[in-house]
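Shown next: final-v4.csv, containing CSV, C-alpha atoms.
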chain,number,residue,atom,x,y,z
A,633,MET,CA,-17.8,17.2,-22.5
A,634,ILE,CA,-17.3,20.6,-24.2
A,635,PRO,CA,-18.9,22.5,-21.2
A,636,PHE,CA,-16.6,20.6,-18.9
A,637,ALA,CA,-13.6,21.7,-20.9
A,638,GLY,CA,-14.9,25.3,-20.7
A,639,ASN,CA,-15.2,24.9,-16.9
A,640,LEU,CA,-11.6,23.7,-16.7
A,641,VAL,CA,-10.5,26.7,-18.7
A,642,LEU,CA,-12.4,29.0,-16.4
A,643,ALA,CA,-10.6,27.3,-13.4
A,644,GLY,CA,-7.3,28.0,-15.1
A,645,VAL,CA,-8.2,31.6,-15.8
A,646,TRP,CA,-9.2,32.1,-12.2
A,647,ALA,CA,-5.9,30.7,-10.9
A,648,ALA,CA,-4.0,32.8,-13.5
A,649,ALA,CA,-5.8,35.9,-12.3
A,650,LEU,CA,-4.8,35.3,-8.8
A,651,GLY,CA,-1.2,34.6,-10.0
A,652,GLU,CA,-0.9,31.2,-8.3
A,653,PHE,CA,-1.7,27.8,-9.7
A,654,SER,CA,-2.4,26.2,-6.4
A,655,LEU,CA,-4.9,23.4,-5.8
A,656,THR,CA,-7.1,25.6,-3.7
A,657,ASN,CA,-7.2,28.3,-6.4
A,658,LEU,CA,-7.9,25.8,-9.1
A,659,VAL,CA,-10.7,24.1,-7.1
A,660,ALA,CA,-12.2,27.5,-6.2
A,661,GLY,CA,-12.0,28.5,-9.9
A,662,PHE,CA,-13.7,25.4,-11.0
A,663,GLY,CA,-16.5,26.0,-8.5
A,664,LEU,CA,-17.0,29.6,-9.6
A,665,GLY,CA,-16.9,28.5,-13.3
A,666,PHE,CA,-19.5,25.9,-12.6
A,667,ALA,CA,-21.7,28.6,-10.9
A,668,ILE,CA,-21.3,30.9,-14.0
A,669,LEU,CA,-22.0,28.1,-16.4
A,670,ALA,CA,-25.1,27.0,-14.4
A,671,ILE,CA,-26.7,30.5,-14.6
A,672,ALA,CA,-25.5,31.3,-18.1
A,673,PRO,CA,-28.6,31.4,-20.4
A,674,GLN,CA,-27.8,28.5,-22.7
A,675,GLN,CA,-29.8,25.4,-23.1
A,676,SER,CA,-26.7,23.1,-23.0
A,677,SER,CA,-25.3,24.6,-19.8
A,678,GLU,CA,-28.5,23.7,-17.9
A,679,ARG,CA,-28.1,20.1,-19.0
A,680,TYR,CA,-24.4,20.4,-18.0
A,681,SER,CA,-25.1,21.6,-14.4
A,682,ARG,CA,-27.6,18.8,-14.0
A,683,LYS,CA,-25.1,16.2,-15.4
A,684,VAL,CA,-22.4,17.4,-13.0
A,685,LEU,CA,-24.8,17.1,-10.0
A,686,ARG,CA,-25.8,13.6,-11.2
A,687,SER,CA,-22.1,12.7,-11.5
A,688,VAL,CA,-21.5,13.8,-7.9
A,689,GLU,CA,-24.5,12.0,-6.7
A,690,PHE,CA,-23.4,8.8,-8.5
A,691,ALA,CA,-19.9,9.1,-7.1
A,692,ALA,CA,-21.3,9.4,-3.5
A,693,PHE,CA,-23.6,6.5,-4.1
A,694,PHE,CA,-20.8,4.4,-5.5
A,695,ILE,CA,-18.4,5.2,-2.6
A,696,GLY,CA,-21.2,4.3,-0.1
A,697,GLN,CA,-21.8,1.0,-1.8
A,698,LEU,CA,-18.0,0.4,-1.9
A,699,VAL,CA,-17.6,0.9,1.9
A,700,ILE,CA,-20.7,-1.1,2.8
A,701,ALA,CA,-19.8,-4.1,0.6
A,702,SER,CA,-16.1,-3.9,1.7
A,703,PHE,CA,-17.1,-4.4,5.3
A,704,ARG,CA,-19.3,-7.3,4.4
A,705,VAL,CA,-16.5,-9.1,2.5
A,706,THR,CA,-14.0,-8.2,5.2
A,707,ALA,CA,-16.3,-9.6,7.9
A,708,ASP,CA,-16.6,-12.9,6.0
A,709,ILE,CA,-12.8,-13.1,5.6
A,710,VAL,CA,-11.7,-12.4,9.1
A,711,THR,CA,-14.4,-14.3,11.0
A,712,PRO,CA,-14.0,-18.1,11.4
A,713,ALA,CA,-17.3,-19.0,9.9
A,714,GLN,CA,-17.6,-18.8,6.1
A,715,ARG,CA,-21.0,-17.4,5.2
A,716,ALA,CA,-20.3,-16.9,1.5
A,717,ARG,CA,-23.1,-18.2,-0.7
A,718,PRO,CA,-21.6,-17.6,-4.1
A,719,GLY,CA,-23.7,-17.8,-7.2
A,720,ILE,CA,-23.9,-16.7,-10.8
A,721,VAL,CA,-27.0,-14.6,-11.6
A,722,ALA,CA,-28.3,-13.6,-15.1
A,723,VAL,CA,-29.3,-9.9,-15.1
A,724,PRO,CA,-31.4,-8.7,-18.0
A,725,LEU,CA,-29.9,-5.5,-19.5
A,726,ASP,CA,-31.5,-2.2,-20.4
A,727,ALA,CA,-28.2,-0.8,-21.3
A,728,GLU,CA,-27.7,-1.0,-25.1
A,729,THR,CA,-24.5,0.7,-26.3
A,730,ASP,CA,-21.0,-0.5,-25.8
A,731,ILE,CA,-20.1,2.3,-23.4
A,732,GLU,CA,-23.3,1.8,-21.3
A,733,ILE,CA,-22.6,-2.0,-20.9
A,734,THR,CA,-18.9,-1.5,-20.3
A,735,MET,CA,-19.5,1.2,-17.6
A,736,LEU,CA,-22.1,-1.0,-15.9
A,737,ALA,CA,-19.9,-4.1,-16.0
A,738,ASN,CA,-16.9,-2.1,-14.6
A,739,VAL,CA,-18.9,-0.5,-11.8
A,740,ILE,CA,-20.3,-3.9,-10.8
A,741,SER,CA,-16.8,-5.5,-10.8
A,742,LEU,CA,-15.5,-2.6,-8.7
A,743,THR,CA,-18.2,-3.1,-6.0
A,744,PRO,CA,-17.1,-5.8,-3.5
A,745,GLY,CA,-19.3,-8.9,-3.6
A,746,SER,CA,-19.9,-8.9,-7.4
A,747,ILE,CA,-17.9,-9.4,-10.5
A,748,SER,CA,-19.3,-9.3,-14.0
A,749,LEU,CA,-18.5,-12.6,-15.6
A,750,ASP,CA,-19.9,-12.5,-19.1
A,751,VAL,CA,-22.3,-10.8,-21.5
A,752,SER,CA,-24.6,-13.0,-23.6
A,753,ALA,CA,-24.0,-13.0,-27.3
A,754,ASP,CA,-27.2,-11.0,-28.0
A,755,ARG,CA,-26.0,-8.4,-25.4
A,756,ARG,CA,-29.3,-8.6,-23.5
A,757,THR,CA,-28.1,-10.4,-20.4
A,758,LEU,CA,-25.2,-9.8,-18.0
A,759,PHE,CA,-23.9,-12.7,-15.9
A,760,VAL,CA,-22.7,-11.6,-12.5
A,761,HIS,CA,-20.8,-13.6,-9.9
A,762,VAL,CA,-22.2,-12.7,-6.5
A,763,MET,CA,-20.6,-13.6,-3.2
A,764,PHE,CA,-23.6,-13.3,-1.0
A,765,LEU,CA,-26.6,-14.6,-2.9
A,766,ASP,CA,-29.6,-14.6,-0.5
A,767,ASP,CA,-32.4,-13.8,-2.9
A,768,VAL,CA,-32.1,-13.7,-6.7
A,769,ALA,CA,-34.9,-11.1,-7.1
A,770,THR,CA,-33.3,-8.7,-4.6
A,771,CYS,CA,-29.9,-9.1,-6.2
A,772,ARG,CA,-31.3,-8.3,-9.6
A,773,ARG,CA,-33.2,-5.3,-8.3
A,774,GLU,CA,-30.1,-3.9,-6.5
A,775,ILE,CA,-28.1,-4.1,-9.7
A,776,LYS,CA,-30.8,-2.8,-12.0
A,777,ASP,CA,-32.2,-0.1,-9.7
A,778,GLY,CA,-29.0,0.9,-8.0
A,779,PHE,CA,-26.4,0.8,-10.7
A,780,GLU,CA,-28.0,0.5,-14.1
A,781,ARG,CA,-30.7,3.2,-13.6
A,782,ARG,CA,-28.1,5.7,-12.3
A,783,ILE,CA,-25.6,4.9,-15.1
A,784,LEU,CA,-28.2,5.3,-17.8
A,785,GLU,CA,-29.4,8.6,-16.3
A,786,LEU,CA,-25.9,9.8,-16.4
A,787,LEU,CA,-25.1,8.7,-19.9
A,788,ARG,CA,-28.3,9.4,-21.7
B,1270,MET,CA,-3.2,16.8,8.4
B,1271,ASP,CA,-0.5,14.3,9.2
B,1272,THR,CA,-3.0,12.4,11.4
B,1273,VAL,CA,-5.4,12.2,8.5
B,1274,ALA,CA,-2.7,11.0,6.2
B,1275,ALA,CA,-1.5,8.4,8.8
B,1276,LEU,CA,-5.1,7.1,9.3
B,1277,LEU,CA,-5.6,6.8,5.5
B,1278,ALA,CA,-2.3,5.0,5.0
B,1279,LEU,CA,-3.1,2.6,7.9
B,1280,SER,CA,-6.6,1.8,6.7
B,1281,GLY,CA,-5.2,1.2,3.2
B,1282,ALA,CA,-2.6,-1.2,4.6
B,1283,ALA,CA,-5.3,-2.9,6.7
B,1284,MET,CA,-7.4,-3.3,3.5
B,1285,ILE,CA,-4.6,-5.0,1.6
B,1286,LEU,CA,-3.9,-7.3,4.6
B,1287,VAL,CA,-7.6,-8.4,4.6
B,1288,ALA,CA,-7.3,-9.0,0.8
B,1289,CYS,CA,-4.3,-11.2,1.4
B,1290,ILE,CA,-6.0,-13.2,4.2
B,1291,GLY,CA,-9.1,-13.5,1.9
B,1292,LEU,CA,-6.8,-14.9,-0.9
B,1293,LEU,CA,-5.8,-17.7,1.5
B,1294,ARG,CA,-9.1,-18.4,3.2
B,1295,LEU,CA,-11.8,-18.2,0.6
B,1296,PRO,CA,-13.0,-21.4,-1.0
B,1297,ASP,CA,-12.6,-21.0,-4.8
B,1298,LEU,CA,-11.0,-18.9,-7.5
B,1299,TYR,CA,-14.2,-16.8,-8.0
B,1300,THR,CA,-14.6,-15.8,-4.4
B,1301,ARG,CA,-10.9,-15.1,-4.2
B,1302,MET,CA,-11.2,-12.7,-7.1
B,1303,HIS,CA,-13.7,-10.8,-4.9
B,1304,ALA,CA,-11.2,-10.6,-2.1
B,1305,CYS,CA,-8.1,-9.6,-4.1
B,1306,THR,CA,-9.5,-7.1,-6.7
B,1307,LYS,CA,-11.5,-4.7,-4.7
B,1308,PRO,CA,-10.0,-4.4,-1.3
B,1309,ALA,CA,-6.6,-4.1,-3.0
B,1310,THR,CA,-7.9,-1.3,-5.3
B,1311,LEU,CA,-9.4,0.5,-2.3
B,1312,GLY,CA,-6.2,0.0,-0.3
B,1313,VAL,CA,-3.9,1.4,-2.9
B,1314,SER,CA,-6.2,4.3,-3.4
B,1315,LEU,CA,-6.2,5.1,0.3
B,1316,ILE,CA,-2.4,4.9,0.5
B,1317,VAL,CA,-2.0,7.2,-2.6
B,1318,ALA,CA,-4.5,9.6,-1.1
B,1319,ALA,CA,-2.4,9.6,2.1
B,1320,VAL,CA,0.7,10.5,0.1
B,1321,ALA,CA,-1.1,13.3,-1.7
B,1322,ILE,CA,-2.3,14.8,1.6
B,1323,HIS,CA,1.1,14.4,3.3
B,1324,VAL,CA,3.0,16.1,0.5
B,1325,GLY,CA,0.3,18.6,-0.3
B,1326,GLU,CA,1.7,19.8,-3.7
B,1327,LEU,CA,-0.4,20.2,-6.8
B,1328,GLY,CA,1.9,18.1,-9.0
B,1329,ILE,CA,1.8,15.2,-6.6
B,1330,THR,CA,-2.0,15.5,-6.0
B,1331,ALA,CA,-2.6,15.5,-9.8
B,1332,ARG,CA,-0.5,12.3,-10.2
B,1333,ALA,CA,-2.2,10.7,-7.2
B,1334,VAL,CA,-5.6,11.4,-8.8
B,1335,LEU,CA,-4.4,9.9,-12.1
B,1336,ILE,CA,-3.0,6.7,-10.3
B,1337,VAL,CA,-6.4,6.1,-8.6
B,1338,LEU,CA,-8.2,6.8,-11.9
B,1339,PHE,CA,-6.1,4.3,-13.9
B,1340,PHE,CA,-6.6,1.7,-11.1
B,1341,LEU,CA,-10.3,2.2,-11.2
B,1342,LEU,CA,-10.2,1.7,-15.0
B,1343,THR,CA,-8.0,-1.3,-15.2
B,1344,ALA,CA,-8.7,-3.4,-12.1
B,1345,PRO,CA,-12.3,-4.4,-13.0
B,1346,VAL,CA,-11.2,-5.3,-16.6
B,1347,ALA,CA,-8.5,-7.6,-15.3
B,1348,ALA,CA,-10.9,-9.1,-12.7
B,1349,HIS,CA,-13.5,-9.7,-15.5
B,1350,ARG,CA,-11.0,-11.2,-17.9
B,1351,LEU,CA,-9.5,-13.6,-15.3
B,1352,THR,CA,-12.9,-14.9,-14.0
B,1353,HIS,CA,-14.3,-15.2,-17.5
B,1354,ALA,CA,-11.2,-17.1,-18.7
B,1355,ALA,CA,-11.3,-19.3,-15.5
B,1356,TYR,CA,-15.0,-20.1,-16.1
B,1357,ARG,CA,-14.4,-21.0,-19.7
B,1358,ALA,CA,-11.5,-23.1,-18.8
B,1359,GLY,CA,-13.8,-25.0,-16.4
B,1360,VAL,CA,-12.3,-24.0,-13.1
B,1361,PRO,CA,-14.6,-25.7,-10.6
B,1362,ARG,CA,-16.9,-23.6,-8.3
B,1363,CYS,CA,-16.9,-24.3,-4.6
B,1364,PRO,CA,-19.6,-26.7,-3.3
B,1365,SER,CA,-21.4,-23.9,-1.4
B,1366,THR,CA,-22.2,-22.2,-4.7
B,1367,VAL,CA,-26.0,-21.8,-4.7
B,1368,ARG,CA,-26.9,-20.9,-8.3
B,1369,ASP,CA,-25.4,-20.8,-11.7
B,1370,ASP,CA,-27.4,-19.1,-14.5
B,1371,LEU,CA,-24.5,-19.5,-16.9
B,1372,ASP,CA,-24.5,-23.3,-16.7
B,1373,ASP,CA,-25.5,-23.7,-20.3
B,1374,PRO,CA,-22.9,-24.1,-23.0
B,1375,ASP,CA,-25.0,-22.2,-25.5
B,1376,LEU,CA,-24.8,-19.1,-23.4
B,1377,LEU,CA,-21.0,-18.8,-23.5
B,1378,LEU,CA,-19.6,-16.4,-26.1

Any chance you could put this one into structure tokens?
Amino acid sequence: MIPFAGNLVLAGVWAAALGEFSLTNLVAGFGLGFAILAIAPQQSSERYSRKVLRSVEFAAFFIGQLVIASFRVTADIVTPAQRARPGIVAVPLDAETDIEITMLANVISLTPGSISLDVSADRRTLFVHVMFLDDVATCRREIKDGFERRILELLR
Amino acid sequence: MDTVAALLALSGAAMILVACIGLLRLPDLYTRMHACTKPATLGVSLIVAAVAIHVGELGITARAVLIVLFFLLTAPVAAHRLTHAAYRAGVPRCPSTVRDDLDDPDLLL
């Protein structure tokens, strides 16, 4: 978080140096600041640049999932035949801390076709309501390998 | 730029329309939550993005980003609380439901 704040300050400095706080200048300043932090010889900055790239990768993956799943739900809603095969699936959790579980549950709820319904009392299992349940193993793998792995990489 | 903004606003409106149709057509509360949470979030985000592009000012863009962020933060929480409460209150699942791993009273918090 601290390198990110530094990056924002650098963006502000760049815009101030150009004398205009426009969106273009701030974005360019952020990009330049990121490049500087990425090559600066500090251990933490190397981790920072990797984290930012991971965040961008995760955002791209998430938006992709959002669009794919939206079309699937949309297709089921607007066509006469109802193909929904809803079900509630227990997914074993590798996420441990509050923030990891919350983030995973939120991302799952934001993806069309799945809503997180409950977490078991021992916090080892997440119960997910899925709209198109064709194969339980595939569904679990998509959540664990697609979302959980990436979120844990991002947060740990 | 105006064409891009118009396209974004239109697809956002289409998304919300689909969400409304889904609310009417889907078989039970749980599947309806699928239809009304996410397409609505995406639809509002698209419309706000269209406004940001159309106006093209930093202040407006910053506020648009904040609106989308807060939507992304709050919508899944609301969806989770509503479905969770419905499940605990015993709202029935539609007959086409194929599996329920939570069908065990000991598992509920």

Checklist entry - If we count all atoms listed in the file, what is near A:Ile695 at a cut-off of 12 Å, once residues fewer than 4 positions away on the same chain are taken out, given as a list in words? => result Val688, Glu689, Phe690, Ala691, Val699, Ile700, Ala701, Ser702, Val739, Leu742, Thr743 and Pro744 of chain A; Leu1311 of chain B

Using all atoms listed in the file, what does the table of chain A residues within 10 Å of chain B look like, with each row giving the shortest atom pair and its distance in Å to one decimal, sorted by chain and ascending number, as CSV?
residue,atom,partner,partner_atom,distance
A:Phe653,CA,B:Leu1327,CA,8.2
A:Ser654,CA,B:Leu1327,CA,6.3
A:Leu655,CA,B:Leu1327,CA,5.6
A:Thr656,CA,B:Leu1327,CA,9.1
A:Leu658,CA,B:Leu1327,CA,9.6
A:Leu698,CA,B:Leu1311,CA,8.6
A:Val699,CA,B:Leu1311,CA,9.2
A:Ala701,CA,B:Lys1307,CA,9.9
A:Ser702,CA,B:Pro1308,CA,6.8
A:Phe703,CA,B:Pro1308,CA,9.7
A:Val705,CA,B:Ala1304,CA,7.2
A:Thr706,CA,B:Val1287,CA,6.4
A:Ala707,CA,B:Val1287,CA,9.4
A:Asp708,CA,B:Gly1291,CA,8.6
A:Ile709,CA,B:Gly1291,CA,5.2
A:Val710,CA,B:Val1287,CA,7.3
A:Pro712,CA,B:Arg1294,CA,9.6
A:Gln714,CA,B:Leu1295,CA,8.0
A:Arg715,CA,B:Ser1365,CA,9.3
A:Ala716,CA,B:Ser1365,CA,7.7
A:Arg717,CA,B:Thr1366,CA,5.7
A:Pro718,CA,B:Thr1366,CA,4.7
A:Gly719,CA,B:Arg1368,CA,4.6
A:Ile720,CA,B:Asp1369,CA,4.5
A:Val721,CA,B:Asp1370,CA,5.4
A:Ala722,CA,B:Asp1370,CA,5.6
A:Val723,CA,B:Asp1370,CA,9.4
A:Thr734,CA,B:Val1346,CA,9.3
A:Met735,CA,B:Leu1342,CA,9.7
A:Ala737,CA,B:Pro1345,CA,8.2
A:Asn738,CA,B:Pro1345,CA,5.4
A:Val739,CA,B:Pro1345,CA,7.8
A:Ile740,CA,B:Pro1345,CA,8.3
A:Ser741,CA,B:Pro1345,CA,5.1
A:Leu742,CA,B:Pro1345,CA,5.7
A:Thr743,CA,B:Lys1307,CA,7.0
A:Pro744,CA,B:Lys1307,CA,5.8
A:Gly745,CA,B:His1303,CA,6.1
A:Ser746,CA,B:His1303,CA,6.9
A:Ile747,CA,B:His1349,CA,6.7
A:Ser748,CA,B:His1349,CA,6.0
A:Leu749,CA,B:His1353,CA,5.3
A:Asp750,CA,B:His1353,CA,6.4
A:Val751,CA,B:Leu1378,CA,7.7
A:Ser752,CA,B:Leu1376,CA,6.1
A:Ala753,CA,B:Leu1378,CA,5.7
A:Asp754,CA,B:Leu1378,CA,9.5
A:Thr757,CA,B:Leu1376,CA,9.8
A:Leu758,CA,B:Leu1371,CA,9.8
A:Phe759,CA,B:Leu1371,CA,6.9
A:Val760,CA,B:Asp1370,CA,9.1
A:His761,CA,B:Tyr1299,CA,7.6
A:Val762,CA,B:Thr1300,CA,8.5
A:Met763,CA,B:Thr1300,CA,6.5
A:Phe764,CA,B:Val1367,CA,9.6
A:Leu765,CA,B:Val1367,CA,7.4
A:Asp766,CA,B:Val1367,CA,9.1
A:Val768,CA,B:Arg1368,CA,9.0

Kindly save the residues from that selection, with C-alpha atoms included, as a JSON list (two decimals), keeping the file's coordinate frame.
[["chain", "number", "residue", "atom", "x", "y", "z"],
["A", 653, "PHE", "CA", -1.70, 27.80, -9.70],
["A", 654, "SER", "CA", -2.40, 26.20, -6.40],
["A", 655, "LEU", "CA", -4.90, 23.40, -5.80],
["A", 656, "THR", "CA", -7.10, 25.60, -3.70],
["A", 658, "LEU", "CA", -7.90, 25.80, -9.10],
["A", 698, "LEU", "CA", -18.00, 0.40, -1.90],
["A", 699, "VAL", "CA", -17.60, 0.90, 1.90],
["A", 701, "ALA", "CA", -19.80, -4.10, 0.60],
["A", 702, "SER", "CA", -16.10, -3.90, 1.70],
["A", 703, "PHE", "CA", -17.10, -4.40, 5.30],
["A", 705, "VAL", "CA", -16.50, -9.10, 2.50],
["A", 706, "THR", "CA", -14.00, -8.20, 5.20],
["A", 707, "ALA", "CA", -16.30, -9.60, 7.90],
["A", 708, "ASP", "CA", -16.60, -12.90, 6.00],
["A", 709, "ILE", "CA", -12.80, -13.10, 5.60],
["A", 710, "VAL", "CA", -11.70, -12.40, 9.10],
["A", 712, "PRO", "CA", -14.00, -18.10, 11.40],
["A", 714, "GLN", "CA", -17.60, -18.80, 6.10],
["A", 715, "ARG", "CA", -21.00, -17.40, 5.20],
["A", 716, "ALA", "CA", -20.30, -16.90, 1.50],
["A", 717, "ARG", "CA", -23.10, -18.20, -0.70],
["A", 718, "PRO", "CA", -21.60, -17.60, -4.10],
["A", 719, "GLY", "CA", -23.70, -17.80, -7.20],
["A", 720, "ILE", "CA", -23.90, -16.70, -10.80],
["A", 721, "VAL", "CA", -27.00, -14.60, -11.60],
["A", 722, "ALA", "CA", -28.30, -13.60, -15.10],
["A", 723, "VAL", "CA", -29.30, -9.90, -15.10],
["A", 734, "THR", "CA", -18.90, -1.50, -20.30],
["A", 735, "MET", "CA", -19.50, 1.20, -17.60],
["A", 737, "ALA", "CA", -19.90, -4.10, -16.00],
["A", 738, "ASN", "CA", -16.90, -2.10, -14.60],
["A", 739, "VAL", "CA", -18.90, -0.50, -11.80],
["A", 740, "ILE", "CA", -20.30, -3.90, -10.80],
["A", 741, "SER", "CA", -16.80, -5.50, -10.80],
["A", 742, "LEU", "CA", -15.50, -2.60, -8.70],
["A", 743, "THR", "CA", -18.20, -3.10, -6.00],
["A", 744, "PRO", "CA", -17.10, -5.80, -3.50],
["A", 745, "GLY", "CA", -19.30, -8.90, -3.60],
["A", 746, "SER", "CA", -19.90, -8.90, -7.40],
["A", 747, "ILE", "CA", -17.90, -9.40, -10.50],
["A", 748, "SER", "CA", -19.30, -9.30, -14.00],
["A", 749, "LEU", "CA", -18.50, -12.60, -15.60],
["A", 750, "ASP", "CA", -19.90, -12.50, -19.10],
["A", 751, "VAL", "CA", -22.30, -10.80, -21.50],
["A", 752, "SER", "CA", -24.60, -13.00, -23.60],
["A", 753, "ALA", "CA", -24.00, -13.00, -27.30],
["A", 754, "ASP", "CA", -27.20, -11.00, -28.00],
["A", 757, "THR", "CA", -28.10, -10.40, -20.40],
["A", 758, "LEU", "CA", -25.20, -9.80, -18.00],
["A", 759, "PHE", "CA", -23.90, -12.70, -15.90],
["A", 760, "VAL", "CA", -22.70, -11.60, -12.50],
["A", 761, "HIS", "CA", -20.80, -13.60, -9.90],
["A", 762, "VAL", "CA", -22.20, -12.70, -6.50],
["A", 763, "MET", "CA", -20.60, -13.60, -3.20],
["A", 764, "PHE", "CA", -23.60, -13.30, -1.00],
["A", 765, "LEU", "CA", -26.60, -14.60, -2.90],
["A", 766, "ASP", "CA", -29.60, -14.60, -0.50],
["A", 768, "VAL", "CA", -32.10, -13.70, -6.70]]

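The two atoms in question, atom CA of A:Leu640 and atom CA of A:Gly665, are spaced 7.9 Å apart.
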
Compile the contact shell of A:Asp726 as a PDB file with C-alpha atoms, keeping the file's coordinate frame: residues with an atom at most 12 Å away, counting only C-alpha atoms, same-chain residues fewer than 6 positions apart removed.
ATOM      1  CA  GLU A 732     -23.300   1.800 -21.300  1.00  0.00           C
ATOM      2  CA  ILE A 733     -22.600  -2.000 -20.900  1.00  0.00           C
ATOM      3  CA  LEU A 736     -22.100  -1.000 -15.900  1.00  0.00           C
ATOM      4  CA  ARG A 755     -26.000  -8.400 -25.400  1.00  0.00           C
ATOM      5  CA  ARG A 756     -29.300  -8.600 -23.500  1.00  0.00           C
ATOM      6  CA  THR A 757     -28.100 -10.400 -20.400  1.00  0.00           C
ATOM      7  CA  LEU A 758     -25.200  -9.800 -18.000  1.00  0.00           C
ATOM      8  CA  ILE A 775     -28.100  -4.100  -9.700  1.00  0.00           C
ATOM      9  CA  LYS A 776     -30.800  -2.800 -12.000  1.00  0.00           C
ATOM     10  CA  ASP A 777     -32.200  -0.100  -9.700  1.00  0.00           C
ATOM     11  CA  PHE A 779     -26.400   0.800 -10.700  1.00  0.00           C
ATOM     12  CA  GLU A 780     -28.000   0.500 -14.100  1.00  0.00           C
ATOM     13  CA  ARG A 781     -30.700   3.200 -13.600  1.00  0.00           C
ATOM     14  CA  ARG A 782     -28.100   5.700 -12.300  1.00  0.00           C
ATOM     15  CA  ILE A 783     -25.600   4.900 -15.100  1.00  0.00           C
ATOM     16  CA  LEU A 784     -28.200   5.300 -17.800  1.00  0.00           C
ATOM     17  CA  GLU A 785     -29.400   8.600 -16.300  1.00  0.00           C
TER      18      GLU A 785
END

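Atom CA of B:Val1337 is positioned 18.2 Å from atom CA of B:Ala1275.
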
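From atom CA of B:Ala1274 back to atom CA of A:Val659, the distance works out to 20.3 Å.
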
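The nearest approach to A:Tyr680 among the residues A:Ile731, A:Ala667, A:Ala713, A:Leu642, with all atoms listed in the file taken into account, belongs to A:Ala667.
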
Item to check | Shell of 10 Å around A:Phe636, only C-alpha atoms, local chain residues under 2 positions omitted, as JSON, numbers by chain | outcome: {"A": [633, 634, 638, 639, 640, 641, 642, 662, 665, 666, 669, 677, 680, 681, 684]}

Enclose stretch 1358-1368 of chain B, meaning all of its atoms listed in the file, in a box aligned along x, y and z, pad it by 4 Å on each side, and list the centre and edge lengths in Å to one decimal, as lines of an AutoDock Vina configuration file.
center_x = -19.2
center_y = -23.8
center_z = -10.1
size_x = 23.4
size_y = 13.8
size_z = 25.4
